[in-house]
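Participant: Sharing upload-v2.cif, mmCIF, C-alpha atoms:
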data_start
#
loop_
_atom_site.label_atom_id
_atom_site.label_comp_id
_atom_site.auth_asym_id
_atom_site.auth_seq_id
_atom_site.Cartn_x
_atom_site.Cartn_y
_atom_site.Cartn_z
CA MET P 1 -14.57 -11.91 -16.89
CA SER P 2 -14.48 -10.15 -20.21
CA GLY P 3 -12.06 -8.78 -22.76
CA GLU P 4 -8.47 -9.93 -22.71
CA THR P 5 -8.78 -11.66 -19.34
CA SER P 6 -11.61 -13.99 -20.38
CA HIS P 7 -9.17 -16.42 -21.96
CA GLN P 8 -6.15 -16.09 -19.70
CA ALA P 9 -5.62 -17.13 -16.10
CA HIS P 10 -2.84 -14.74 -15.17
CA ILE P 11 -1.88 -11.08 -15.23
CA GLY P 12 1.86 -10.99 -14.63
CA PRO P 13 2.51 -13.27 -11.64
CA TYR P 14 -1.11 -12.98 -10.41
CA ARG P 15 -3.70 -15.72 -10.90
CA LEU P 16 -7.11 -14.27 -11.67
CA LEU P 17 -9.99 -15.61 -9.59
CA SER P 18 -13.11 -13.56 -10.32
CA ARG P 19 -14.31 -10.24 -11.67
CA LEU P 20 -15.20 -7.65 -9.06
CA GLY P 21 -16.50 -4.68 -11.03
CA GLY P 22 -15.88 -1.85 -13.47
CA GLY P 23 -15.05 1.83 -13.12
CA THR P 24 -11.70 3.10 -14.36
CA GLY P 25 -10.85 -0.12 -16.16
CA ASP P 26 -11.78 -3.62 -15.02
CA VAL P 27 -11.04 -4.98 -11.56
CA HIS P 28 -10.47 -8.60 -10.66
CA ARG P 29 -9.84 -10.53 -7.51
CA ALA P 30 -6.62 -12.49 -7.82
CA ALA P 31 -4.07 -14.51 -5.88
CA GLY P 32 -0.50 -13.27 -5.64
CA PRO P 33 2.58 -15.48 -6.00
CA ASP P 34 2.66 -15.70 -2.20
CA GLY P 35 -1.02 -16.69 -2.03
CA ARG P 36 -2.16 -13.28 -0.80
CA ASP P 37 -5.60 -12.02 -1.85
CA VAL P 38 -5.30 -8.95 -4.08
CA ALA P 39 -7.45 -6.81 -6.34
CA ILE P 40 -6.05 -5.97 -9.78
CA ARG P 41 -7.31 -2.87 -11.54
CA LEU P 42 -6.74 -3.13 -15.30
CA LEU P 43 -6.35 0.33 -16.82
CA PRO P 44 -7.01 1.63 -20.33
CA PRO P 45 -4.07 1.56 -22.76
CA GLY P 46 -1.88 4.61 -22.35
CA ALA P 47 -2.54 5.06 -18.63
CA ALA P 48 0.63 5.69 -16.64
CA PRO P 49 0.04 5.23 -12.89
CA ASP P 50 2.90 6.29 -10.62
CA VAL P 51 3.08 2.95 -8.84
CA PRO P 52 6.20 3.65 -6.70
CA ARG P 53 4.63 6.79 -5.29
CA MET P 54 1.25 5.08 -4.84
CA ARG P 55 2.95 2.44 -2.72
CA GLU P 56 4.16 5.16 -0.36
CA VAL P 57 0.57 5.95 0.70
CA LEU P 58 0.15 4.46 4.17
CA SER P 59 -3.21 4.81 5.91
CA PRO P 60 -5.80 2.48 7.44
CA TYR P 61 -8.34 4.37 5.32
CA VAL P 62 -6.61 3.67 1.98
CA ALA P 63 -6.15 0.29 0.32
CA ASP P 64 -2.42 -0.50 0.09
CA VAL P 65 -0.91 -0.56 -3.39
CA LEU P 66 1.25 -3.67 -3.62
CA ASP P 67 2.41 -3.74 -7.21
CA GLY P 68 1.65 -2.49 -10.69
CA GLU P 69 2.73 -2.22 -14.29
CA ALA P 70 2.74 1.24 -15.84
CA ALA P 71 4.09 0.19 -19.23
CA GLY P 72 2.92 -2.35 -21.75
CA PRO P 73 -0.30 -2.68 -23.71
CA ARG P 74 -2.49 -3.05 -20.62
CA PRO P 75 -1.31 -1.19 -17.49
CA TYR P 76 -2.54 -2.40 -14.13
CA VAL P 77 -2.33 -1.63 -10.42
CA VAL P 78 -2.47 -4.25 -7.66
CA PHE P 79 -4.29 -3.26 -4.45
CA ARG P 80 -4.67 -5.13 -1.20
CA PHE P 81 -8.01 -6.91 -1.38
CA VAL P 82 -10.55 -5.14 0.82
CA PRO P 83 -13.61 -7.24 1.77
CA GLY P 84 -16.08 -4.37 1.92
CA ARG P 85 -19.14 -3.01 0.12
CA PRO P 86 -19.14 0.24 -1.85
CA LEU P 87 -20.61 3.18 0.01
CA ALA P 88 -23.32 3.45 -2.64
CA GLU P 89 -24.50 -0.12 -1.92
CA THR P 90 -24.22 0.37 1.83
CA VAL P 91 -26.42 3.46 1.78
CA ALA P 92 -28.87 1.81 -0.61
CA GLY P 93 -29.20 -1.19 1.68
CA ARG P 94 -29.10 0.46 5.12
CA GLY P 95 -30.13 4.02 4.49
CA PRO P 96 -28.20 7.25 5.02
CA MET P 97 -25.62 7.47 7.76
CA SER P 98 -25.91 9.58 10.88
CA GLY P 99 -24.20 10.13 14.19
CA ASP P 100 -21.08 8.10 14.89
CA ALA P 101 -21.14 6.30 11.52
CA LEU P 102 -21.32 9.59 9.61
CA GLY P 103 -18.59 11.08 11.77
CA ARG P 104 -16.27 8.14 11.08
CA MET P 105 -17.01 8.44 7.37
CA ALA P 106 -16.23 12.19 7.24
CA PHE P 107 -13.07 11.82 9.32
CA GLY P 108 -11.79 8.66 7.60
CA LEU P 109 -12.24 10.06 4.09
CA ALA P 110 -10.38 13.24 5.05
CA LYS P 111 -7.52 11.20 6.56
CA ALA P 112 -7.39 9.06 3.41
CA LEU P 113 -7.09 12.12 1.17
CA ALA P 114 -4.47 13.63 3.49
CA ALA P 115 -2.34 10.47 3.19
CA ILE P 116 -2.67 10.50 -0.61
CA HIS P 117 -1.92 14.21 -0.93
CA ARG P 118 1.12 13.87 1.33
CA THR P 119 2.86 11.88 -1.42
CA GLY P 120 2.08 14.50 -4.07
CA LEU P 121 -0.72 12.44 -5.62
CA ALA P 122 -4.46 13.07 -5.82
CA HIS P 123 -7.32 10.61 -5.92
CA GLY P 124 -9.10 11.98 -8.96
CA GLY P 125 -12.21 9.84 -8.60
CA LEU P 126 -13.41 9.88 -5.00
CA GLY P 127 -17.07 8.98 -4.75
CA PRO P 128 -19.58 6.43 -3.42
CA GLN P 129 -18.21 3.76 -5.77
CA THR P 130 -14.55 4.18 -4.76
CA VAL P 131 -15.19 4.09 -1.00
CA LEU P 132 -15.61 0.67 0.58
CA VAL P 133 -17.24 0.31 3.97
CA VAL P 134 -15.51 -2.16 6.30
CA ASP P 135 -16.74 -2.46 9.89
CA ASP P 136 -18.50 0.90 9.45
CA ALA P 137 -15.23 2.62 8.50
CA PRO P 138 -14.25 3.85 5.02
CA VAL P 139 -11.43 2.41 2.94
CA VAL P 140 -10.62 4.37 -0.22
CA VAL P 141 -9.64 2.45 -3.36
CA ASP P 142 -8.67 3.26 -6.95
CA PHE P 143 -6.75 6.44 -6.21
CA ALA P 144 -4.36 8.29 -8.56
CA LEU P 145 -5.50 6.37 -11.63
CA THR P 146 -6.49 9.38 -13.77
CA ALA P 147 -4.24 12.07 -15.21
CA GLY P 148 -4.67 15.68 -14.18
CA ALA P 149 -6.11 14.85 -10.76
CA ASP P 150 -6.04 17.80 -8.36
CA ALA P 151 -6.08 17.98 -4.56
CA GLY P 152 -8.67 20.77 -4.63
CA ASP P 153 -11.01 18.60 -6.70
CA ASP P 154 -10.54 15.81 -4.16
CA VAL P 155 -11.68 18.13 -1.37
CA ARG P 156 -14.82 19.00 -3.30
CA ALA P 157 -15.39 15.29 -3.96
CA TRP P 158 -15.05 14.72 -0.19
CA ALA P 159 -17.94 17.14 0.39
CA ALA P 160 -20.12 15.42 -2.22
CA THR P 161 -19.32 11.95 -0.86
CA VAL P 162 -20.01 12.91 2.76
CA ALA P 163 -23.26 14.60 1.72
CA PHE P 164 -24.27 11.42 -0.12
CA ALA P 165 -23.49 9.33 2.96
CA ALA P 166 -25.61 11.67 5.10
CA THR P 167 -28.60 11.96 2.79
CA GLY P 168 -28.52 9.10 0.32
CA GLY P 169 -28.81 11.51 -2.60
CA PRO P 170 -26.23 13.10 -4.94
CA ASP P 171 -27.68 16.64 -4.83
CA ALA P 172 -29.02 17.05 -1.31
CA PRO P 173 -29.79 20.59 -0.13
CA ALA P 174 -27.59 22.02 2.62
CA ASP P 175 -30.37 21.91 5.20
CA ALA P 176 -30.55 18.13 4.76
CA LEU P 177 -27.16 17.81 6.46
CA PRO P 178 -26.54 17.81 10.23
CA ALA P 179 -26.07 21.38 11.37
CA ASP P 180 -22.46 20.93 12.53
CA LEU P 181 -21.48 19.36 9.22
CA ARG P 182 -22.94 22.08 6.96
CA PRO P 183 -20.14 24.68 7.33
CA LEU P 184 -17.45 22.10 6.63
CA VAL P 185 -19.21 20.74 3.53
CA ALA P 186 -19.86 24.29 2.32
CA ALA P 187 -16.19 25.23 2.74
CA ALA P 188 -15.03 22.09 0.91
CA SER P 189 -17.48 22.85 -1.92
CA HIS P 190 -16.35 26.46 -2.39
CA PRO P 191 -16.26 27.44 -6.11
CA ASP P 192 -12.72 28.76 -5.71
CA PRO P 193 -10.37 25.76 -5.22
CA GLY P 194 -7.88 28.01 -3.43
CA ALA P 195 -10.47 28.83 -0.78
CA ARG P 196 -11.13 25.21 0.07
CA PRO P 197 -9.52 23.66 3.17
CA SER P 198 -6.80 21.07 2.78
CA ALA P 199 -7.46 17.43 3.54
CA ASP P 200 -5.48 17.74 6.78
CA GLU P 201 -7.64 20.69 7.82
CA LEU P 202 -10.75 18.70 6.95
CA ALA P 203 -9.60 15.81 9.13
CA GLU P 204 -8.85 18.10 12.06
CA ALA P 205 -12.24 19.81 11.77
CA ALA P 206 -14.07 16.49 11.29
CA SER P 207 -12.48 15.09 14.44
CA ARG P 208 -14.25 17.80 16.43
CA LEU P 209 -17.72 17.25 14.96
CA LYS P 210 -20.49 16.60 17.47
CA PHE P 211 -24.10 16.05 16.59
CA PRO P 212 -26.98 13.84 17.74
CA ALA P 213 -27.01 10.32 16.43
CA ALA P 214 -30.46 10.78 14.88
CA ALA P 215 -30.04 14.37 13.75
CA ALA P 216 -29.67 13.54 10.09
CA ALA P 217 -32.68 11.22 9.93
CA PRO P 218 -35.56 13.73 9.63
CA ALA P 219 -33.86 15.81 6.94
CA ALA P 220 -32.77 12.73 5.01
CA ARG P 221 -36.26 11.23 5.14
CA PRO P 222 -37.21 11.96 1.52
CA ALA P 223 -34.09 10.25 0.12
CA ALA P 224 -34.49 7.21 2.37
CA GLU P 225 -38.28 6.95 2.37
CA ALA P 226 -38.39 3.77 0.32
CA LEU P 227 -35.77 2.12 2.53
CA ALA P 228 -37.37 2.94 5.90
CA PRO P 229 -39.49 0.15 7.43
CA GLN P 230 -43.15 1.07 7.77
CA ALA P 231 -45.16 0.45 10.94
CA PRO P 232 -47.86 -2.22 10.43
CA ALA P 233 -51.42 -1.04 10.20
CA GLY P 234 -52.90 -0.66 13.64
CA GLY P 235 -49.50 -0.99 15.25
CA PRO P 236 -48.03 1.41 17.76
CA ALA P 237 -47.19 4.79 16.33
CA ALA P 238 -43.63 5.94 16.30
CA PRO P 239 -42.87 8.46 19.01
CA PRO P 240 -42.72 12.05 17.82
CA ALA P 241 -39.27 13.40 17.08
CA ALA P 242 -39.51 15.94 19.86
CA ALA P 243 -40.07 13.18 22.40
CA GLN P 244 -36.94 11.28 21.42
CA GLU P 245 -33.81 11.80 23.49
CA PRO P 246 -30.95 11.86 20.97
CA GLU P 247 -27.80 10.16 22.11
CA ALA P 248 -25.03 12.75 22.30
CA TYR P 249 -22.46 12.07 19.64
CA GLU P 250 -18.84 12.21 20.70
CA SER P 251 -15.87 12.33 18.37
CA GLU P 252 -13.75 10.10 20.60
CA GLY P 253 -14.37 7.04 18.42
CA TYR P 254 -12.64 8.20 15.30
CA GLU P 255 -10.21 10.42 17.17
CA SER P 256 -9.20 7.26 19.01
CA ALA P 257 -8.85 5.40 15.71
CA ALA P 258 -6.58 8.13 14.37
CA HIS P 259 -4.57 8.08 17.58
CA ASP P 260 -4.23 4.30 17.42
CA MET P 261 -3.02 4.48 13.82
CA ALA P 262 -0.53 7.21 14.70
CA VAL P 263 0.79 5.04 17.55
CA THR P 264 1.01 2.01 15.24
CA GLN P 265 2.90 3.95 12.60
CA GLY P 266 5.17 5.36 15.31
CA TRP P 267 6.08 1.89 16.52
CA ALA P 268 6.65 0.75 12.91
CA ARG P 269 8.98 3.72 12.32
CA LEU P 270 10.87 2.94 15.53
CA LEU P 271 11.35 -0.71 14.56
CA ALA P 272 12.50 0.30 11.08
CA ALA P 273 14.95 2.83 12.59
CA MET P 274 16.36 0.16 14.91
CA VAL P 275 16.97 -2.11 11.93
CA VAL P 276 18.81 0.72 10.16
CA VAL P 277 20.91 1.46 13.25
CA ALA P 278 21.86 -2.20 13.61
CA GLY P 279 22.69 -2.35 9.90
CA VAL P 280 25.00 0.68 10.12
CA GLY P 281 26.73 -0.89 13.13
CA VAL P 282 27.37 -4.07 11.16
CA VAL P 283 28.88 -2.00 8.34
CA ILE P 284 31.29 -0.34 10.80
CA MET P 285 32.45 -3.77 11.98
CA LEU P 286 32.53 -5.33 8.49
CA PRO P 287 32.82 -2.40 6.06
CA ILE P 288 33.06 -4.24 2.74
CA ALA P 289 30.63 -7.07 3.43
CA GLY P 290 28.31 -4.68 5.26
CA LEU P 291 28.14 -2.20 2.37
CA VAL P 292 27.37 -5.01 -0.08
CA LEU P 293 24.60 -6.29 2.18
CA THR P 294 23.23 -2.75 2.60
CA LEU P 295 23.10 -2.19 -1.16
CA ALA P 296 21.34 -5.52 -1.59
CA ALA P 297 18.88 -4.79 1.23
CA VAL P 298 17.81 -1.34 0.03
CA THR P 299 17.43 -2.64 -3.51
CA LEU P 300 15.36 -5.65 -2.46
CA LEU P 301 13.14 -3.47 -0.29
CA ARG P 302 12.50 -1.20 -3.26
CA VAL P 303 11.34 -4.09 -5.41
CA ALA P 304 9.51 -6.07 -2.73
CA GLY P 305 6.30 -7.28 -4.31
CA THR P 306 6.93 -5.75 -7.75
CA THR P 307 6.97 -7.44 -11.13
CA ALA P 308 10.13 -8.23 -13.05
CA ARG P 309 10.10 -4.81 -14.72
CA GLY P 310 10.27 -3.18 -11.30
CA TRP P 311 13.75 -4.58 -10.76
CA ALA P 312 15.36 -2.34 -13.36
CA GLY P 313 13.90 0.83 -11.88
CA ALA P 314 14.74 -0.19 -8.32
CA VAL P 315 18.36 -1.02 -9.18
CA GLY P 316 18.61 2.26 -11.05
CA ARG P 317 17.32 4.28 -8.09
CA THR P 318 19.81 2.55 -5.78
CA LEU P 319 22.67 3.22 -8.18
CA LEU P 320 21.75 6.91 -8.23
CA THR P 321 22.37 7.10 -4.47
CA VAL P 322 25.75 5.33 -4.64
CA PRO P 323 27.77 8.43 -5.66
CA TYR P 324 26.13 10.41 -2.86
CA ALA P 325 27.00 7.66 -0.36
CA ALA P 326 30.55 7.45 -1.74
CA VAL P 327 31.11 11.14 -0.99
CA PHE P 328 30.34 10.56 2.69
CA THR P 329 32.35 7.33 2.76
CA VAL P 330 35.44 9.31 1.70
CA ALA P 331 34.68 12.60 3.48
CA VAL P 332 34.28 11.15 6.97
CA PRO P 333 37.78 9.57 7.19
CA LEU P 334 39.29 12.75 5.72
CA GLY P 335 37.44 14.82 8.30
CA LEU P 336 38.63 12.58 11.10
CA ALA P 337 42.18 12.90 9.82
CA ALA P 338 41.85 16.68 9.88
CA VAL P 339 40.52 16.59 13.42
CA SER P 340 43.49 14.45 14.50
CA ALA P 341 45.75 17.41 13.67
CA VAL P 342 44.25 19.25 16.62
CA GLY P 343 45.11 16.45 18.97
CA GLY P 344 44.45 12.80 19.63
CA LYS P 345 45.42 9.59 17.90
CA LEU P 346 43.47 8.35 14.91
CA ASP P 347 43.16 4.65 14.18
CA SER P 348 43.27 4.45 10.40
CA LEU P 349 41.04 1.39 9.98
CA THR P 350 38.49 2.73 12.43
CA ALA P 351 38.28 6.01 10.50
CA CYS P 352 37.70 4.12 7.24
CA ALA P 353 35.09 1.93 8.96
CA PHE P 354 33.19 4.98 10.21
CA GLY P 355 33.29 6.33 6.66
CA ALA P 356 31.70 3.11 5.43
CA GLY P 357 29.07 3.41 8.16
CA ALA P 358 28.30 6.96 7.05
CA GLY P 359 27.89 5.76 3.47
CA ALA P 360 25.50 3.03 4.60
CA ALA P 361 23.48 5.55 6.58
CA VAL P 362 23.15 7.68 3.45
CA LEU P 363 21.79 4.72 1.49
CA TRP P 364 19.00 4.49 4.06
CA THR P 365 18.37 8.07 5.09
CA ALA P 366 19.64 10.52 2.45
CA PRO P 367 17.23 13.31 1.46
CA GLY P 368 14.88 11.92 -1.15
CA VAL P 369 15.64 8.31 -0.19
CA SER P 370 12.45 7.09 1.45
CA ALA P 371 11.32 3.95 -0.37
CA PRO P 372 13.45 1.41 1.57
CA ARG P 373 12.52 2.91 4.95
CA ARG P 374 8.82 3.10 4.04
CA GLN P 375 8.87 -0.52 2.91
CA LEU P 376 10.46 -1.51 6.22
CA GLU P 377 7.75 0.43 8.06
CA ARG P 378 5.08 -1.28 5.96
CA MET P 379 6.56 -4.68 6.82
CA PHE P 380 6.49 -3.85 10.53
CA LEU P 381 2.89 -2.53 10.57
CA PRO P 382 1.33 -5.98 11.28
CA VAL P 383 3.74 -6.38 14.22
CA ALA P 384 3.13 -2.82 15.46
CA ARG P 385 -0.62 -3.43 15.69
CA ARG P 386 -0.14 -6.14 18.35
CA PRO P 387 1.16 -4.89 21.72
CA ARG P 388 2.87 -8.14 22.72
CA ALA P 389 4.49 -8.56 19.32
CA VAL P 390 5.77 -5.00 19.20
CA ALA P 391 7.12 -5.28 22.77
CA ALA P 392 9.03 -8.45 21.86
CA ALA P 393 10.32 -6.84 18.66
CA VAL P 394 11.50 -3.71 20.48
CA VAL P 395 13.31 -5.78 23.12
CA GLY P 396 14.89 -8.07 20.54
CA LEU P 397 16.01 -5.29 18.24
CA GLY P 398 17.14 -3.20 21.22
CA VAL P 399 19.42 -5.99 22.42
CA LEU P 400 20.72 -6.44 18.87
CA CYS P 401 21.44 -2.69 18.55
CA LEU P 402 23.27 -2.73 21.89
CA ILE P 403 25.44 -5.70 20.91
CA VAL P 404 26.21 -4.26 17.48
CA GLY P 405 26.90 -0.82 18.95
CA VAL P 406 29.37 -2.18 21.49
CA GLY P 407 31.05 -4.23 18.78
CA ALA P 408 31.30 -1.24 16.44
CA MET P 409 32.95 0.88 19.14
CA THR P 410 35.33 -1.72 20.55
CA LEU P 411 36.26 -4.26 17.87
CA THR P 412 38.84 -3.75 15.17
CA PRO P 413 36.98 -3.53 11.86
CA SER P 414 37.54 -6.34 9.40
CA PHE P 415 37.73 -5.56 5.68
CA SER P 416 37.40 -9.24 4.83
CA PRO P 417 37.62 -10.57 2.19
CA THR P 418 39.58 -7.67 0.65
CA TYR P 419 42.67 -7.79 2.88
CA GLY P 420 44.77 -6.10 0.20
CA LEU P 421 42.41 -3.13 0.27
CA GLN P 422 42.63 -3.11 4.06
CA ARG P 423 46.42 -2.74 3.94
CA THR P 424 46.17 -0.05 1.26
CA LEU P 425 43.64 1.97 3.23
CA GLU P 426 45.64 1.69 6.43
CA SER P 427 48.83 2.79 4.71
CA SER P 428 47.10 5.69 2.91
CA MET P 429 45.40 6.95 6.07
CA ASP P 430 48.67 6.75 8.04
CA ARG P 431 50.45 8.83 5.39
CA LEU P 432 47.60 11.33 5.34
CA GLN P 433 47.63 11.62 9.13
CA HIS P 434 51.39 12.17 9.18
CA ALA P 435 51.06 14.81 6.48
CA VAL P 436 48.27 16.60 8.35
CA ASN P 437 50.13 16.49 11.66
CA GLY P 438 53.26 17.81 9.98
CA VAL P 439 51.51 20.91 8.68
#
If you took the structure in this file and wrote it as C-alpha cells, what would it be?
Facilitator:
Amino acid sequence: MSGETSHQAHIGPYRLLSRLGGGTGDVHRAAGPDGRDVAIRLLPPGAAPDVPRMREVLSPYVADVLDGEAAGPRPYVVFRFVPGRPLAETVAGRGPMSGDALGRMAFGLAKALAAIHRTGLAHGGLGPQTVLVVDDAPVVVDFALTAGADAGDDVRAWAATVAFAATGGPDAPADALPADLRPLVAAASHPDPGARPSADELAEAASRLKFPAAAAAPAARPAAEALAPQAPAGGPAAPPAAAQEPEAYESEGYESAAHDMAVTQGWARLLAAMVVVAGVGVVIMLPIAGLVLTLAAVTLLRVAGTTARGWAGAVGRTLLTVPYAAVFTVAVPLGLAAVSAVGGKLDSLTACAFGAGAGAAVLWTAPGVSAPRRQLERMFLPVARRPRAVAAAVVGLGVLCLIVGVGAMTLTPSFSPTYGLQRTLESSMDRLQHAVNGV
C-alpha cells in the first residue's frame, strides 16, 4: 500500500487487505463489515462519482457497485471483488483471442456498456486494463469514474478493446481482424460519434457473429509471434493452414448466456414484485402500521450497504416521495366515495384502507422511484440463479400473496394503534358519503 492507506487499516467500514493496482486512483482488496470480499477504488480529490446511479447497473458483465463515498477529502467506490485477470495480462499470457472466446468478449463488452448506458452513465475508461477475464468471459470494472464520459466514446473504446483482444496489439490493421468482425469494429470506430451504433445495437450484432475458431490466428501472427510455441528442431512440421478444418463458430454460447441472464433477472423482478404485492396487501389490512413499515423498508433498501453518509440522502429521497404518496392515499377514498353516488354501499374504513394501499404502492412503484425495487431485485439475484431455490421462493411468496390478498379483501382493516384516528376517518367518510349521495 502507499499514500494515505499505508498507515491505516480501514476506509470507512472496510478493512483493507492488500493493494490490487493503479489506474484511476488506487485500488485495494478489502473486507466489508459483513465479511464480504470487495475492491475499493480510491479516487483523486474532487472526484464526484454518482454512486446511487452506479449501483443501479445490473449485468453479469459489470462488477456490482456496492457502496461509495462521493464527498470528503478522498472519494472512493466499492465494487464487488472479481477474481479475474485484466484482459491485457490474459492476452499477453495466452495470446490473442479467436473463435468462441473472441465472440464472448465482443458480446459481453457490448452488453456491459448497454447496461451502463441504460442508467444514463458512461464508462469513460474502457480498455484492456478495465476488463477482467473470468472463466473466459469479460467483467467490466471501474466504470463512470471520470467526468465528461460519453456513450459514443465508449462505443469507440469497445472497438479498440475488441481489436486488441483479437490481435494482441493496440493499432492492428483492419485486415488483422476476422472478416465478420471488421464491419462492426469499423462502424464502432466511425469518426462521427453520431454515426456509431449504440451499445445495444453492438450486442445484437455481436450475438450473430460467426467465424472459424482459428480465423484470427494467421492475421494476428505478428503480434503474437513471441508468445507462440515453436516446434522443436527436427520435429513434425505444423500442417499448412489450408489443410486445417476450422471448427465452425456458433454464437449460441454467448446468446445462451444472455438468455440465461435475462431469465435470471426476470425471476428476480417477479420475486421483487411479489414482495411488493404482499406488502401492499398488509398495508390494506393494517393501514397505519403497514405504511410505517413500508416507509422503513424502502428507506432501508435505499441505504443497504452504504456508509453512514448514505443514510441522509436515502431518507431525503424517501421523504420526497411521501407527498406524492399522500395524494393517492387521500384521492382513492374520495374517488370511491364519488363512485358510491352512482350506486352501491361504501364501507368507510375499507375505502381508507385502499387509499393507504395506494399510497404504499406509490412508495414502491411511482415514476422515478426505482432504487428500492432494484435493490430487492439485486437481493433476489442469487436465488434466481438456482432453479430449485427460485421455485421454492415463487411457491412461498405466491402462497403469502394469496393469504394476504384474501385477508385484504375480506377482513375489516385495523388502524391499530391509532383507534382515535380510525373513528375520525370513519365518521368523516360517512359524512362525505351522505353528502355525495344527497347531491
Participant: As a check of understanding, name the residues that the PyMOL selection byres ((chain P and resi 260-272) around 8) selects in the supplied structure, as a list in words.
Facilitator: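 Taken over the shown coordinates, the PyMOL selection byres ((chain P and resi 260-272) around 8) returns Ser59, Pro60, Ser256, Ala257, Ala258, His259, Ala273, Met274, Val275, Val276, Arg373, Leu376, Glu377, Arg378, Phe380, Leu381, Val383, Ala384, Arg385, Val390, Ala393, Val394 and Leu397 of chain P.
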Participant: Would you list the residues near (-8.4, 21.3, -4.2), meaning any protein, DNA or RNA residue with an atom at most 12 Å from that point in file coordinates, counting only C-alpha atoms, as a VMD selection string?
Facilitator: chain P and resid 113 to 114 117 121 to 124 149 to 159 187 to 200 202
Participant: Restricting the calculation to only C-alpha atoms, which member of P:Gly359, P:Val332, P:Phe354, P:Gly35 is positioned closest to Leu295 of chain P?
Facilitator: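 Using only C-alpha atoms, the shortest distance to Leu295 of chain P belongs to P:Gly359.
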Participant: Skip Leu43 of chain P itself and residues of its chain fewer than 3 positions away, then list as an MDAnalysis selection string all residues within 10 Å of it, counting all atoms listed in the file.
Facilitator: chainID P and resid 23:27 40 46:49 69:70 73:77 145:146
Participant: Apply the PyMOL selection byres ((chain P and resi 280) around 8) to the displayed file and report the matching residues as a list in words.
Facilitator: Val276, Val277, Ala278, Gly279, Gly281, Val282, Val283, Ile284, Gly290, Gly357, Ala358, Ala360 and Ala361 of chain P
Participant: Enter the distance from atom CA of Leu336 of chain P to atom CA of Ala366 of chain P, in Å, rounded to one decimal.
Facilitator: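 These atoms are spaced 21.0 Å apart.
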Participant: Using atom CA of Gly95 of chain P and atom CA of Ala137 of chain P as the two end points, give the distance in Å to one decimal.
Facilitator: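 According to the coordinates, atom CA of Gly95 of chain P and atom CA of Ala137 of chain P are separated by 15.5 Å.
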Participant: For the provided coordinates, the residues matched by the PyMOL selection byres ((chain P and resi 329) around 7) should be stated as a ChimeraX atom specification.
Facilitator: /P:325-328,330-332,355-356,358-359
Participant: Work out how far atom CA of Thr412 of chain P is from atom CA of Leu349 of chain P, in Å to one decimal.
Facilitator: 7.6 Å
Participant: Kindly indicate which residue among P:Ala165, P:Ala160, P:Pro417, P:Met105 lies nearest to Ser207 of chain P, using all atoms listed in the file for the distances.
Facilitator: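 Looking only at the distances to Ser207 of chain P, the closest residue turns out to be P:Met105.
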Participant: Padding 6 Å on every side, please: axis-aligned box over the listed atoms of segment 193-199 of chain P, centre and edge lengths to one decimal in Å, as AutoDock Vina command-line options.
Facilitator:
--center_x -9.0 --center_y 23.1 --center_z -0.8 --size_x 16.3 --size_y 23.4 --size_z 20.8
Participant: Could you tell me which of P:Leu181, P:Val57, P:Ala389, P:Leu286 comes closest to Ile116 of chain P if we count only C-alpha atoms?
Facilitator: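 Closest to Ile116 of chain P, using only C-alpha atoms: P:Val57.
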Participant: Of the candidates P:Ala163, P:Val51, P:Leu42, P:Val339, which one gets nearest to Gly313 of chain P if we count all atoms listed in the file?
Facilitator: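 Checking each of P:Ala163, P:Val51, P:Leu42, P:Val339 against Gly313 of chain P, counting all atoms listed in the file, the winner is P:Val51.
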Participant: Counting only C-alpha atoms, select every polymer residue within 8 Å of (-7.8, -17.9, -9.1) as defined in the file's coordinates, and provide the selection as an NGL selection string.
Facilitator: :P and (9 or 15-18 or 29-31)
Participant: Skip Ala314 of chain P itself and residues of its chain fewer than 6 positions away, then list as a list in words all residues within 9 Å of it, counting only C-alpha atoms.
Facilitator: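 The contact residues come out as Val298, Thr299, Leu300, Leu301, Arg302 and Val303 of chain P.
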Participant: So, counting all atoms listed in the file, which residue among P:Pro83, P:Glu204, P:Glu56, P:Ala353 is closest to Val369 of chain P?
Facilitator: P:Glu56
